[in-house]
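Engineer: Sending over target32.cif (mmCIF, C-alpha atoms).
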```cif
data_structure
#
loop_
_atom_site.label_atom_id
_atom_site.label_comp_id
_atom_site.auth_asym_id
_atom_site.auth_seq_id
_atom_site.Cartn_x
_atom_site.Cartn_y
_atom_site.Cartn_z
CA MET A 1 189.24 -82.99 25.43
CA GLU A 2 187.49 -80.55 27.73
CA VAL A 3 183.91 -79.39 27.27
CA ASN A 4 182.62 -76.52 29.38
CA LEU A 5 179.16 -76.43 30.84
CA ASN A 6 177.38 -73.06 30.75
CA SER A 7 177.18 -70.81 33.79
CA SER A 8 173.54 -71.59 34.43
CA ILE A 9 171.75 -74.76 33.34
CA HIS A 10 168.01 -75.00 33.86
CA SER A 11 165.36 -77.51 32.83
CA ASP A 12 164.36 -75.50 29.77
CA PHE A 13 164.91 -75.53 26.00
CA GLU A 14 168.27 -73.73 26.31
CA GLY A 15 169.45 -76.06 29.08
CA TYR A 16 168.60 -79.25 27.19
CA SER A 17 169.94 -77.81 23.94
CA HIS A 18 173.24 -77.02 25.63
CA LEU A 19 173.64 -80.52 27.11
CA ILE A 20 172.82 -82.16 23.76
CA LYS A 21 175.36 -79.89 22.03
CA LEU A 22 178.05 -80.91 24.54
CA TYR A 23 177.25 -84.57 23.88
CA HIS A 24 177.78 -84.10 20.14
CA GLU A 25 181.02 -82.16 20.70
CA ALA A 26 182.35 -84.93 22.94
CA LYS A 27 181.19 -87.68 20.56
CA ALA A 28 182.84 -86.01 17.55
CA SER A 29 186.18 -85.70 19.35
CA ASN A 30 188.99 -88.07 18.42
CA GLU A 31 190.17 -88.03 22.00
CA LYS A 32 189.29 -90.88 24.30
CA ASN A 33 189.19 -88.88 27.53
CA ILE A 34 186.42 -86.31 27.86
CA ASN A 35 186.37 -83.88 30.77
CA PHE A 36 183.11 -82.11 31.49
CA SER A 37 184.24 -78.96 33.25
CA PHE A 38 181.88 -77.09 35.57
CA CYS A 39 184.37 -74.23 36.04
CA TYR A 40 181.89 -71.59 34.77
CA THR A 41 178.81 -73.27 36.21
CA LYS A 42 177.10 -71.51 39.09
CA TRP A 43 173.69 -73.14 38.77
CA PHE A 44 172.85 -76.66 37.67
CA GLU A 45 169.36 -78.01 38.26
CA ALA A 46 170.05 -81.29 39.97
CA ASN A 47 167.26 -83.28 38.28
CA LEU A 48 169.28 -82.79 35.08
CA SER A 49 171.78 -85.27 36.54
CA ALA A 50 169.58 -87.86 34.80
CA VAL A 51 170.30 -86.22 31.42
CA LEU A 52 174.00 -85.91 32.14
CA GLY A 53 174.14 -89.53 33.34
CA ALA A 54 172.46 -90.74 30.16
CA ILE A 55 174.85 -88.71 27.98
CA PHE A 56 177.81 -90.14 29.89
CA GLU A 57 176.47 -93.66 29.34
CA LEU A 58 176.27 -93.01 25.59
CA LEU A 59 179.82 -91.68 25.47
CA GLN A 60 181.13 -94.60 27.54
CA ASP A 61 179.37 -97.01 25.17
CA GLU A 62 181.31 -95.31 22.38
CA GLY A 63 184.55 -96.11 24.17
CA LYS A 64 185.14 -92.72 25.83
CA ASN A 65 186.31 -92.15 29.39
CA VAL A 66 184.22 -89.42 30.99
CA PHE A 67 185.31 -87.19 33.87
CA VAL A 68 183.86 -84.19 35.66
CA SER A 69 185.92 -81.37 37.14
CA SER A 70 185.96 -77.91 38.74
CA ILE A 71 182.56 -78.29 40.35
CA LYS A 72 181.80 -75.48 42.78
CA PRO A 73 181.23 -76.71 46.36
CA VAL A 74 177.57 -75.69 46.46
CA ILE A 75 176.80 -77.73 43.32
CA LYS A 76 179.02 -80.59 44.40
CA ASP A 77 177.17 -80.80 47.70
CA VAL A 78 173.90 -81.39 45.84
CA LEU A 79 175.49 -83.86 43.40
CA LYS A 80 176.93 -85.78 46.34
CA ARG A 81 173.61 -85.83 48.15
CA ASN A 82 171.77 -87.01 45.04
CA CYS A 83 174.40 -89.76 44.55
CA PHE A 84 175.47 -88.54 41.08
CA MET A 85 179.09 -88.07 42.22
CA GLY A 86 179.07 -91.73 43.28
CA GLU A 87 179.37 -92.47 39.53
CA PHE A 88 182.86 -90.98 39.73
CA GLY A 89 183.91 -92.84 42.84
CA GLU A 90 183.25 -89.94 45.20
CA THR A 91 181.67 -90.42 48.60
CA ILE A 92 178.00 -89.65 48.63
CA ARG A 93 176.38 -87.68 51.46
CA PRO A 94 173.11 -88.22 53.30
CA ASP A 95 170.37 -85.89 52.15
CA SER A 96 170.31 -83.73 55.27
CA LYS A 97 168.14 -81.10 53.56
CA ASN A 98 165.53 -83.59 52.37
CA THR A 99 165.33 -82.01 48.92
CA ILE A 100 166.66 -84.88 46.85
CA VAL A 101 165.23 -87.69 44.76
CA SER A 102 168.43 -89.64 44.13
CA TYR A 103 170.03 -90.16 40.74
CA LYS A 104 169.60 -93.79 39.80
CA LYS A 105 169.84 -96.10 36.79
CA PHE A 106 167.36 -98.88 36.19
CA ASN A 107 167.31 -101.94 34.03
CA PRO A 108 163.92 -101.61 32.28
CA ALA A 109 163.30 -105.35 32.71
CA ALA A 110 163.21 -105.00 36.50
CA ASP A 111 160.09 -103.01 37.37
CA ASP A 112 160.30 -103.74 41.11
CA ALA A 113 163.49 -101.73 41.48
CA PHE A 114 161.74 -98.54 40.33
CA LYS A 115 158.79 -99.20 42.66
CA ASN A 116 161.18 -99.53 45.58
CA TYR A 117 162.99 -96.36 44.51
CA ILE A 118 159.80 -94.28 44.51
CA LYS A 119 158.77 -95.82 47.82
CA THR A 120 162.09 -94.94 49.42
CA GLU A 121 162.54 -91.57 47.78
CA LEU A 122 158.99 -90.22 47.92
CA LEU A 123 156.33 -92.36 49.54
CA SER A 124 158.17 -93.15 52.75
CA LYS A 125 158.96 -89.49 53.38
CA PRO A 126 155.60 -88.13 54.49
CA ASP A 127 156.89 -84.60 54.92
CA PHE A 128 158.78 -84.53 51.66
CA PRO A 129 157.38 -82.64 50.04
CA LYS A 130 154.43 -81.31 52.04
CA HIS A 131 151.21 -81.76 50.14
CA SER A 132 147.74 -83.24 50.49
CA PRO A 133 147.54 -87.06 50.36
CA LEU A 134 145.46 -87.07 47.18
CA LEU A 135 147.86 -84.68 45.42
CA GLY A 136 150.71 -86.98 46.49
CA LYS A 137 148.87 -89.97 45.09
CA LYS A 138 148.30 -88.26 41.74
CA ILE A 139 151.95 -87.18 41.57
CA ASN A 140 153.06 -90.76 42.15
CA GLU A 141 150.59 -92.10 39.59
CA SER A 142 152.01 -89.67 37.00
CA ILE A 143 155.60 -90.70 37.75
CA PHE A 144 154.76 -94.41 37.43
CA GLU A 145 152.80 -93.82 34.19
CA LEU A 146 155.77 -91.96 32.75
CA TYR A 147 158.28 -94.59 33.82
CA GLU A 148 156.13 -97.38 32.40
CA ASN A 149 155.93 -95.47 29.14
CA ALA A 150 159.73 -95.24 28.99
CA ARG A 151 160.06 -98.96 29.75
CA THR A 152 157.52 -100.02 27.16
CA HIS A 153 158.47 -97.78 24.25
CA GLY A 154 162.16 -97.08 24.70
CA ARG A 155 163.42 -100.68 24.90
CA CYS A 156 166.81 -99.50 26.10
CA LYS A 157 169.62 -100.80 28.28
CA GLN A 158 169.14 -98.41 31.18
CA ILE A 159 166.70 -95.74 32.30
CA HIS A 160 168.18 -92.80 34.20
CA THR A 161 166.11 -90.92 36.76
CA CYS A 162 166.65 -88.07 39.15
CA GLY A 163 164.51 -85.53 40.94
CA GLN A 164 164.80 -82.37 42.91
CA TYR A 165 162.51 -80.57 45.29
CA TYR A 166 162.74 -76.78 45.14
CA PRO A 167 161.22 -75.60 48.45
CA ASN A 168 162.28 -71.98 48.04
CA LYS A 169 160.69 -71.43 44.65
CA ILE A 170 157.25 -69.89 44.49
CA PRO A 171 155.28 -72.05 44.04
CA LYS A 172 157.24 -74.90 45.61
CA ARG A 173 157.95 -77.49 42.98
CA LEU A 174 159.16 -81.02 42.46
CA ASP A 175 160.92 -81.95 39.23
CA ILE A 176 161.34 -85.57 38.18
CA THR A 177 163.37 -86.38 35.10
CA ILE A 178 163.32 -89.77 33.38
CA VAL A 179 165.66 -90.46 30.47
CA ASP A 180 165.76 -93.48 28.22
CA MET A 181 168.25 -93.96 25.43
CA GLY A 182 166.13 -96.33 23.38
CA LYS A 183 164.16 -95.78 20.23
CA THR A 184 162.98 -92.17 19.99
CA ILE A 185 159.34 -91.10 19.88
CA LYS A 186 160.04 -89.64 16.43
CA ALA A 187 161.23 -93.02 15.12
CA ASN A 188 158.38 -94.95 16.79
CA VAL A 189 155.64 -92.61 15.53
CA ASN A 190 156.99 -92.18 12.00
CA GLU A 191 157.45 -95.92 11.62
CA PHE A 192 153.94 -96.61 12.92
CA LEU A 193 152.22 -93.92 10.82
CA ASN A 194 154.57 -94.12 7.85
CA GLU A 195 154.95 -90.36 8.14
CA ASN A 196 157.83 -87.94 8.21
CA TYR A 197 156.98 -85.85 11.25
CA THR A 198 159.57 -83.71 13.00
CA GLY A 199 160.46 -84.79 16.53
CA ALA A 200 158.18 -82.11 18.00
CA GLU A 201 155.24 -83.11 15.77
CA ALA A 202 155.76 -86.78 16.65
CA ILE A 203 155.75 -86.01 20.39
CA GLY A 204 152.60 -83.90 19.92
CA TRP A 205 150.93 -86.83 18.15
CA ALA A 206 151.95 -89.33 20.85
CA LEU A 207 150.54 -87.17 23.64
CA LYS A 208 146.99 -87.04 22.27
CA TYR A 209 144.28 -89.20 23.80
CA GLY A 210 144.07 -92.62 22.19
CA HIS A 211 147.27 -92.24 20.18
CA THR A 212 149.59 -95.17 20.61
CA THR A 213 152.14 -97.06 18.58
CA LYS A 214 151.24 -100.29 20.37
CA THR A 215 149.79 -103.00 18.14
CA GLY A 216 149.35 -106.01 20.43
CA ASN A 217 146.55 -106.98 22.78
CA ILE A 218 147.36 -104.35 25.38
CA SER A 219 145.75 -101.04 24.52
CA GLY A 220 147.56 -97.76 25.11
CA GLY A 221 147.22 -94.07 24.50
CA LEU A 222 146.02 -93.11 27.97
CA GLY A 223 148.99 -92.66 30.28
CA LEU A 224 150.46 -89.50 28.79
CA ASP A 225 146.98 -88.02 28.36
CA ILE A 226 146.25 -88.60 32.04
CA ILE A 227 149.54 -87.01 33.07
CA GLN A 228 148.83 -84.01 30.86
CA GLU A 229 145.34 -83.57 32.28
CA PHE A 230 146.67 -83.68 35.84
CA ILE A 231 149.57 -81.30 35.11
CA LYS A 232 147.09 -78.86 33.58
CA HIS A 233 145.01 -78.77 36.78
CA ASN A 234 148.10 -78.77 38.96
CA ASN A 235 149.58 -75.83 37.04
CA GLY A 236 152.77 -77.80 36.60
CA LYS A 237 154.88 -78.46 33.54
CA ILE A 238 155.70 -81.32 31.19
CA GLN A 239 158.69 -81.27 28.90
CA ILE A 240 159.49 -84.03 26.46
CA ILE A 241 162.63 -84.11 24.38
CA SER A 242 163.14 -86.82 21.79
CA SER A 243 165.40 -86.78 18.74
CA ASP A 244 165.22 -83.18 17.39
CA GLY A 245 161.92 -82.44 19.12
CA TYR A 246 161.13 -80.30 22.14
CA TRP A 247 157.57 -80.29 23.43
CA GLU A 248 156.44 -78.40 26.50
CA PHE A 249 153.09 -77.92 28.18
CA ARG A 250 152.88 -75.19 30.78
CA LYS A 251 150.15 -72.86 32.00
CA GLY A 252 147.70 -74.21 29.43
CA GLU A 253 150.05 -73.54 26.53
CA THR A 254 151.95 -75.96 24.35
CA LYS A 255 155.35 -75.02 22.97
CA MET A 256 156.99 -77.06 20.21
CA MET A 257 160.55 -76.39 19.07
CA LEU A 258 163.34 -78.16 17.24
CA PHE A 259 166.93 -78.64 18.36
CA ASP A 260 169.88 -78.18 16.01
CA ASN A 261 171.32 -81.47 17.26
CA LEU A 262 169.48 -84.75 17.77
CA PHE A 263 169.09 -86.33 21.17
CA PRO A 264 169.37 -90.11 20.66
CA GLY A 265 166.69 -91.02 23.20
CA THR A 266 163.87 -89.45 25.19
CA ILE A 267 163.97 -87.08 28.15
CA ALA A 268 160.76 -86.51 30.07
CA ASN A 269 160.63 -83.95 32.82
CA LEU A 270 157.57 -83.54 34.99
CA GLU A 271 157.30 -80.51 37.21
CA PHE A 272 154.67 -80.59 39.93
CA ASN A 273 153.31 -77.55 41.71
CA LEU A 274 153.31 -78.48 45.39
CA ASP A 275 151.37 -75.39 46.44
CA ASP A 276 148.44 -76.63 44.36
CA PRO A 277 145.31 -75.39 46.15
CA ASN A 278 142.99 -77.66 44.13
CA ILE A 279 141.07 -80.25 46.00
CA TYR A 280 140.92 -83.20 43.67
CA GLN A 281 137.29 -84.05 44.12
CA LEU A 282 135.38 -86.54 42.09
CA LYS A 283 133.23 -85.00 39.41
CA GLU A 284 130.99 -88.03 39.14
CA GLU A 285 130.16 -91.09 41.14
CA ILE A 286 131.23 -94.15 39.17
CA SER A 287 129.40 -97.38 39.80
CA LEU A 288 131.31 -100.62 39.39
CA ASP A 289 128.13 -102.49 38.43
CA ASP A 290 127.97 -103.22 34.72
CA ILE A 291 131.15 -101.16 34.26
CA PHE A 292 132.25 -103.39 31.38
CA MET B 1 136.71 -117.31 42.81
CA VAL B 2 138.27 -114.31 44.55
CA LEU B 3 141.55 -112.92 43.21
CA ILE B 4 143.27 -110.56 45.63
CA ILE B 5 145.40 -108.19 43.60
CA LYS B 6 147.89 -107.30 46.33
CA ASP B 7 148.64 -111.02 46.82
CA ILE B 8 149.10 -111.64 43.10
CA ILE B 9 151.44 -108.69 42.56
CA ASN B 10 153.00 -109.05 45.98
CA GLY B 11 152.52 -105.45 47.03
CA ASP B 12 150.33 -102.37 47.18
CA THR B 13 151.59 -100.66 44.00
CA ALA B 14 149.76 -101.80 40.87
CA VAL B 15 151.68 -99.84 38.27
CA SER B 16 153.49 -102.05 35.78
CA THR B 17 152.30 -103.70 32.59
CA ASP B 18 154.04 -106.91 33.68
CA ASP B 19 152.03 -107.13 36.90
CA GLY B 20 148.85 -106.32 35.00
CA ASP B 21 149.59 -109.13 32.57
CA VAL B 22 149.96 -111.63 35.42
CA VAL B 23 146.55 -110.59 36.76
CA TYR B 24 145.06 -110.87 33.24
CA GLN B 25 146.39 -114.42 32.83
CA GLU B 26 144.82 -115.45 36.16
CA ILE B 27 141.45 -113.93 35.26
CA VAL B 28 141.40 -115.63 31.86
CA ALA B 29 142.31 -119.03 33.31
CA ILE B 30 139.35 -118.89 35.73
CA ILE B 31 136.79 -117.47 33.30
CA LYS B 32 137.71 -120.10 30.73
CA GLN B 33 136.72 -122.73 33.27
CA GLY B 34 133.29 -121.05 33.36
CA GLU B 35 133.75 -119.63 36.85
CA MET B 36 133.05 -116.09 38.01
CA VAL B 37 135.92 -113.91 39.22
CA GLU B 38 135.79 -111.39 42.02
CA LEU B 39 138.73 -109.04 41.65
CA ASP B 40 139.60 -107.56 45.03
CA PHE B 41 141.63 -104.33 45.03
CA SER B 42 141.78 -103.88 48.81
CA GLY B 43 145.13 -102.56 50.01
CA ILE B 44 146.15 -101.18 46.63
CA ASN B 45 147.47 -97.65 47.13
CA ILE B 46 148.70 -96.60 43.71
CA MET B 47 147.47 -97.74 40.34
CA THR B 48 148.17 -96.73 36.76
CA THR B 49 146.41 -97.09 33.45
CA ALA B 50 149.49 -99.04 32.29
CA PHE B 51 148.65 -101.75 34.86
CA LEU B 52 144.92 -101.64 34.11
CA ASN B 53 145.40 -101.74 30.32
CA ALA B 54 147.17 -105.08 30.78
CA ALA B 55 145.00 -106.51 33.58
CA ILE B 56 141.54 -105.34 32.47
CA GLY B 57 141.72 -103.71 29.03
CA GLN B 58 143.37 -106.78 27.55
CA LEU B 59 140.28 -108.86 28.45
CA TYR B 60 138.48 -107.24 25.51
CA SER B 61 140.80 -109.13 23.17
CA THR B 62 139.01 -112.32 24.29
CA PHE B 63 135.69 -111.43 25.90
CA THR B 64 132.71 -109.19 25.18
CA SER B 65 131.26 -106.56 27.51
CA GLU B 66 128.30 -108.86 28.21
CA GLN B 67 130.58 -111.74 29.21
CA LEU B 68 132.70 -109.50 31.43
CA ASN B 69 129.67 -107.90 33.12
CA SER B 70 128.35 -111.32 34.00
CA LEU B 71 131.62 -113.06 34.91
CA LEU B 72 133.84 -110.39 36.44
CA LYS B 73 133.15 -108.30 39.53
CA LEU B 74 135.39 -105.52 40.85
CA VAL B 75 135.42 -104.98 44.61
CA ASN B 76 137.16 -102.67 47.07
CA VAL B 77 138.26 -100.21 44.41
CA ALA B 78 139.14 -96.86 46.00
CA VAL B 79 136.59 -94.22 45.02
CA ASP B 80 139.25 -91.97 43.46
CA ASP B 81 140.64 -94.85 41.37
CA ARG B 82 137.33 -95.68 39.69
CA ILE B 83 137.82 -93.05 37.01
CA LEU B 84 140.94 -94.95 35.86
CA PHE B 85 138.86 -98.10 35.35
CA LYS B 86 136.27 -96.18 33.39
CA LYS B 87 138.91 -94.60 31.14
CA VAL B 88 140.77 -97.87 30.58
CA ILE B 89 137.57 -99.74 29.72
CA GLU B 90 136.37 -97.05 27.29
CA ARG B 91 139.80 -96.92 25.67
CA ALA B 92 140.06 -100.73 25.38
CA LYS B 93 136.66 -100.89 23.67
CA GLU B 94 137.76 -98.24 21.15
CA TYR B 95 141.13 -99.89 20.66
CA PHE B 96 139.80 -103.37 19.94
CA GLN B 97 137.03 -101.97 17.72
CA ASN B 98 139.64 -100.06 15.69
CA LYS B 99 142.01 -103.03 15.70
CA LYS B 100 139.26 -105.28 14.36
CA GLY B 101 138.41 -102.65 11.70
CA PHE B 102 142.06 -102.35 10.77
CA GLU B 103 142.54 -106.12 10.55
CA ASP B 104 139.33 -106.52 8.52
CA SER B 105 140.55 -103.84 6.10
CA ALA B 106 143.96 -105.50 5.88
CA ASN B 107 142.33 -108.86 5.19
CA ARG B 108 140.18 -107.33 2.48
CA ALA B 109 143.24 -105.66 0.95
CA ILE B 110 145.28 -108.86 1.05
CA TYR B 111 142.69 -111.52 0.32
CA GLY B 112 140.13 -109.39 -1.53
CA SER B 113 137.22 -110.54 0.62
#
```
Could you show the structure in this file as structure tokens?
Structural biologist:
Amino acid sequence: MEVNLNSSIHSDFEGYSHLIKLYHEAKASNEKNINFSFCYTKWFEANLSAVLGAIFELLQDEGKNVFVSSIKPVIKDVLKRNCFMGEFGETIRPDSKNTIVSYKKFNPAADDAFKNYIKTELLSKPDFPKHSPLLGKKINESIFELYENARTHGRCKQIHTCGQYYPNKIPKRLDITIVDMGKTIKANVNEFLNENYTGAEAIGWALKYGHTTKTGNISGGLGLDIIQEFIKHNNGKIQIISSDGYWEFRKGETKMMLFDNLFPGTIANLEFNLDDPNIYQLKEEISLDDIF
Amino acid sequence: MVLIIKDIINGDTAVSTDDGDVVYQEIVAIIKQGEMVELDFSGINIMTTAFLNAAIGQLYSTFTSEQLNSLLKLVNVAVDDRILFKKVIERAKEYFQNKKGFEDSANRAIYGS
């Protein structure tokens, strides 16, 4: 069976919706071999390799053989540099343009591997991307908070990540996408609250300060709130997709939508504005004496 | 006793719940012996609330604010990381207060007392 990717696939509601639809088409097919054809595709945002990789994992778990074909050279060059084509036995290329955060899969039990990944892919490249040290620190904090959230709540076999730096966009931006195929936010929240929220409502609930589905001795409900606060100041973007829910925060506005098809996991995409002119100064001096 | 975070977690990136839990266990073991703990964050470059929820916030499951203020001292915390501590501590206090309220209500509902 062949499924065709659209001509232009961006990190937006239409882009995610399209990829989820292709997953369901491939899953419903009686055929064992599924070919994802890029013959019409002229633009594919490379951070979405994480979404595609997660979808391929799901299909492979269902006994399908997944292939990719007809990828235009300009897209293939990026997918070779970000190591995604390595999944199909193709030679990967060094990232000569320094715009890549490689596609990688992580076992959620091994937290050191992700630390090393971020160190190699972001922290050890001082000029990639160019930004102030404090902005860089806050970007890294957000990425680690998000990853830890996926590890803790998703409880899945693998977490897929990929990023892309877009130096020619105005403002310059860095997208990082983290996908886990574990229990969805909708399932976690509805089970915890004994509610029947839509996916978008459940994501909206989970993102509010102090809201957590954790019940043990480790408190939660802060990480996503901190990311959201930073993204707001940074004029960046957060998108979270889980089950039928799409939740986006951008330019101070929240957008909630529902997909026709369910995504059996959670996609989180953080977009950072690297031309952020804010100086992240402290609003208050915090004393460590009697802090408890 | 001084606990140096970067030695416990074997690095400068204090981001995971697992690492935070290891730090928590070490703090508890010392405090339970009646000793004071000085928690030294020198050399830590990146920190998350996920780590701090486990390392620090979790202490409120066992100890009160008064006990922690007298037995635990934080040193060499980067100025721009202090806000994370403040948020985690405020959140942990709320969380354990609510958890206690929830458990009390559940006990009343189950046992009628």
Engineer: Give as an MDAnalysis selection string the residues that the PyMOL selection byres ((chain B and resi 63-67) around 10) matches when applied to the coordinates above.
Structural biologist: (chainID A and resid 290:292) or (chainID B and resid 28 31 58:62 68:72 89 93)
Engineer: Would you write out, as a PyMOL selection string, every residue that the PyMOL selection byres ((chain A and resi 122) around 12) captures in this file?
Structural biologist: chain A and resi 98-102+114-121+123-131+136-137+139-141+143+162-165+174+176
Engineer: For the selection just defined, write its residues with C-alpha atoms to a file, as a PDB file, keeping the file's coordinate frame.
Structural biologist:
```
ATOM      1  CA  ASN A  98     165.530 -83.590  52.370  1.00  0.00           C
ATOM      2  CA  THR A  99     165.330 -82.010  48.920  1.00  0.00           C
ATOM      3  CA  ILE A 100     166.660 -84.880  46.850  1.00  0.00           C
ATOM      4  CA  VAL A 101     165.230 -87.690  44.760  1.00  0.00           C
ATOM      5  CA  SER A 102     168.430 -89.640  44.130  1.00  0.00           C
ATOM      6  CA  PHE A 114     161.740 -98.540  40.330  1.00  0.00           C
ATOM      7  CA  LYS A 115     158.790 -99.200  42.660  1.00  0.00           C
ATOM      8  CA  ASN A 116     161.180 -99.530  45.580  1.00  0.00           C
ATOM      9  CA  TYR A 117     162.990 -96.360  44.510  1.00  0.00           C
ATOM     10  CA  ILE A 118     159.800 -94.280  44.510  1.00  0.00           C
ATOM     11  CA  LYS A 119     158.770 -95.820  47.820  1.00  0.00           C
ATOM     12  CA  THR A 120     162.090 -94.940  49.420  1.00  0.00           C
ATOM     13  CA  GLU A 121     162.540 -91.570  47.780  1.00  0.00           C
ATOM     14  CA  LEU A 123     156.330 -92.360  49.540  1.00  0.00           C
ATOM     15  CA  SER A 124     158.170 -93.150  52.750  1.00  0.00           C
ATOM     16  CA  LYS A 125     158.960 -89.490  53.380  1.00  0.00           C
ATOM     17  CA  PRO A 126     155.600 -88.130  54.490  1.00  0.00           C
ATOM     18  CA  ASP A 127     156.890 -84.600  54.920  1.00  0.00           C
ATOM     19  CA  PHE A 128     158.780 -84.530  51.660  1.00  0.00           C
ATOM     20  CA  PRO A 129     157.380 -82.640  50.040  1.00  0.00           C
ATOM     21  CA  LYS A 130     154.430 -81.310  52.040  1.00  0.00           C
ATOM     22  CA  HIS A 131     151.210 -81.760  50.140  1.00  0.00           C
ATOM     23  CA  GLY A 136     150.710 -86.980  46.490  1.00  0.00           C
ATOM     24  CA  LYS A 137     148.870 -89.970  45.090  1.00  0.00           C
ATOM     25  CA  ILE A 139     151.950 -87.180  41.570  1.00  0.00           C
ATOM     26  CA  ASN A 140     153.060 -90.760  42.150  1.00  0.00           C
ATOM     27  CA  GLU A 141     150.590 -92.100  39.590  1.00  0.00           C
ATOM     28  CA  ILE A 143     155.600 -90.700  37.750  1.00  0.00           C
ATOM     29  CA  CYS A 162     166.650 -88.070  39.150  1.00  0.00           C
ATOM     30  CA  GLY A 163     164.510 -85.530  40.940  1.00  0.00           C
ATOM     31  CA  GLN A 164     164.800 -82.370  42.910  1.00  0.00           C
ATOM     32  CA  TYR A 165     162.510 -80.570  45.290  1.00  0.00           C
ATOM     33  CA  LEU A 174     159.160 -81.020  42.460  1.00  0.00           C
ATOM     34  CA  ILE A 176     161.340 -85.570  38.180  1.00  0.00           C
TER      35      ILE A 176
END
```
Engineer: What separation in Å, quoted to one decimal, exists between atom CA of A:Ala46 and atom CA of A:Cys83?
Structural biologist: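 Distance between the two atoms: 10.6 Å.
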Engineer: Pick the closest to chain B from A:Thr91, A:Ser287, A:Ser69, A:Ser37: which is it, counting only C-alpha atoms?
Structural biologist: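 Of A:Thr91, A:Ser287, A:Ser69, A:Ser37, the one nearest chain B is A:Ser287, counting only C-alpha atoms.
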Engineer: For the structure provided, state which residues fall under the PyMOL selection byres ((chain B) within 9 of (chain A)), and present them as a PyMOL selection string.
Structural biologist: chain B and resi 13+15-18+21+45-51+53-55+57-61+64-70+72-75+77+79-80+82-83+85-92+94-96+99
Engineer: May I ask which of the residues A:Asp77, A:Glu31, A:Lys42, A:Asn261 is the closest one to A:Pro94, counting all atoms listed in the file?
Structural biologist: A:Asp77
Engineer: Show which residues sit within 8 Å of A:Leu22, as an MDAnalysis selection string. Count all atoms listed in the file, and ignore same-chain residues fewer than 4 positions away.
Structural biologist: chainID A and resid 3:5 18 26
Engineer: Could you jot down the atom CA of A:Leu207 to atom CA of A:His160 separation for me, Å, one decimal place?
Structural biologist: 21.3 Å
Engineer: Can you tell me, as lines of an AutoDock Vina configuration file, the centre and edge lengths (Å, one decimal) of the axis-aligned box enclosing all of stretch 9-23 of chain B's listed atoms after padding each side by 6 Å?
Structural biologist:
```
center_x = 150.3
center_y = -105.7
center_z = 39.9
size_x = 19.5
size_y = 23.8
size_z = 26.6
```
Engineer: Considering all atoms listed in the file, return as a list in words whatever protein or nucleic-acid residues lie within 10 Å of A:Tyr246, sequence-local ones (same chain, fewer than 3 positions apart) excluded.
Structural biologist: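 Non-adjacent residues within range: Asp12, Phe13, Tyr16, Ser17, Thr198, Gly199, Ala200, Glu201, Ile203, Gly204, Gln239, Ile240, Ile241, Ser242, Ser243, Lys255, Met256, Met257, Leu258, Phe259 and Ile267 of chain A.
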Engineer: Distance atom CA of A:Tyr40-atom CA of A:Ser7, one decimal place?
Structural biologist: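 Calculated distance between atom CA of A:Tyr40 and atom CA of A:Ser7 is 4.9 Å.
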Engineer: Could you tell me which of B:Met1, B:Met36, B:Ile56, B:Ile44 comes closest to B:Val22 if we count all atoms listed in the file?
Structural biologist: B:Ile56
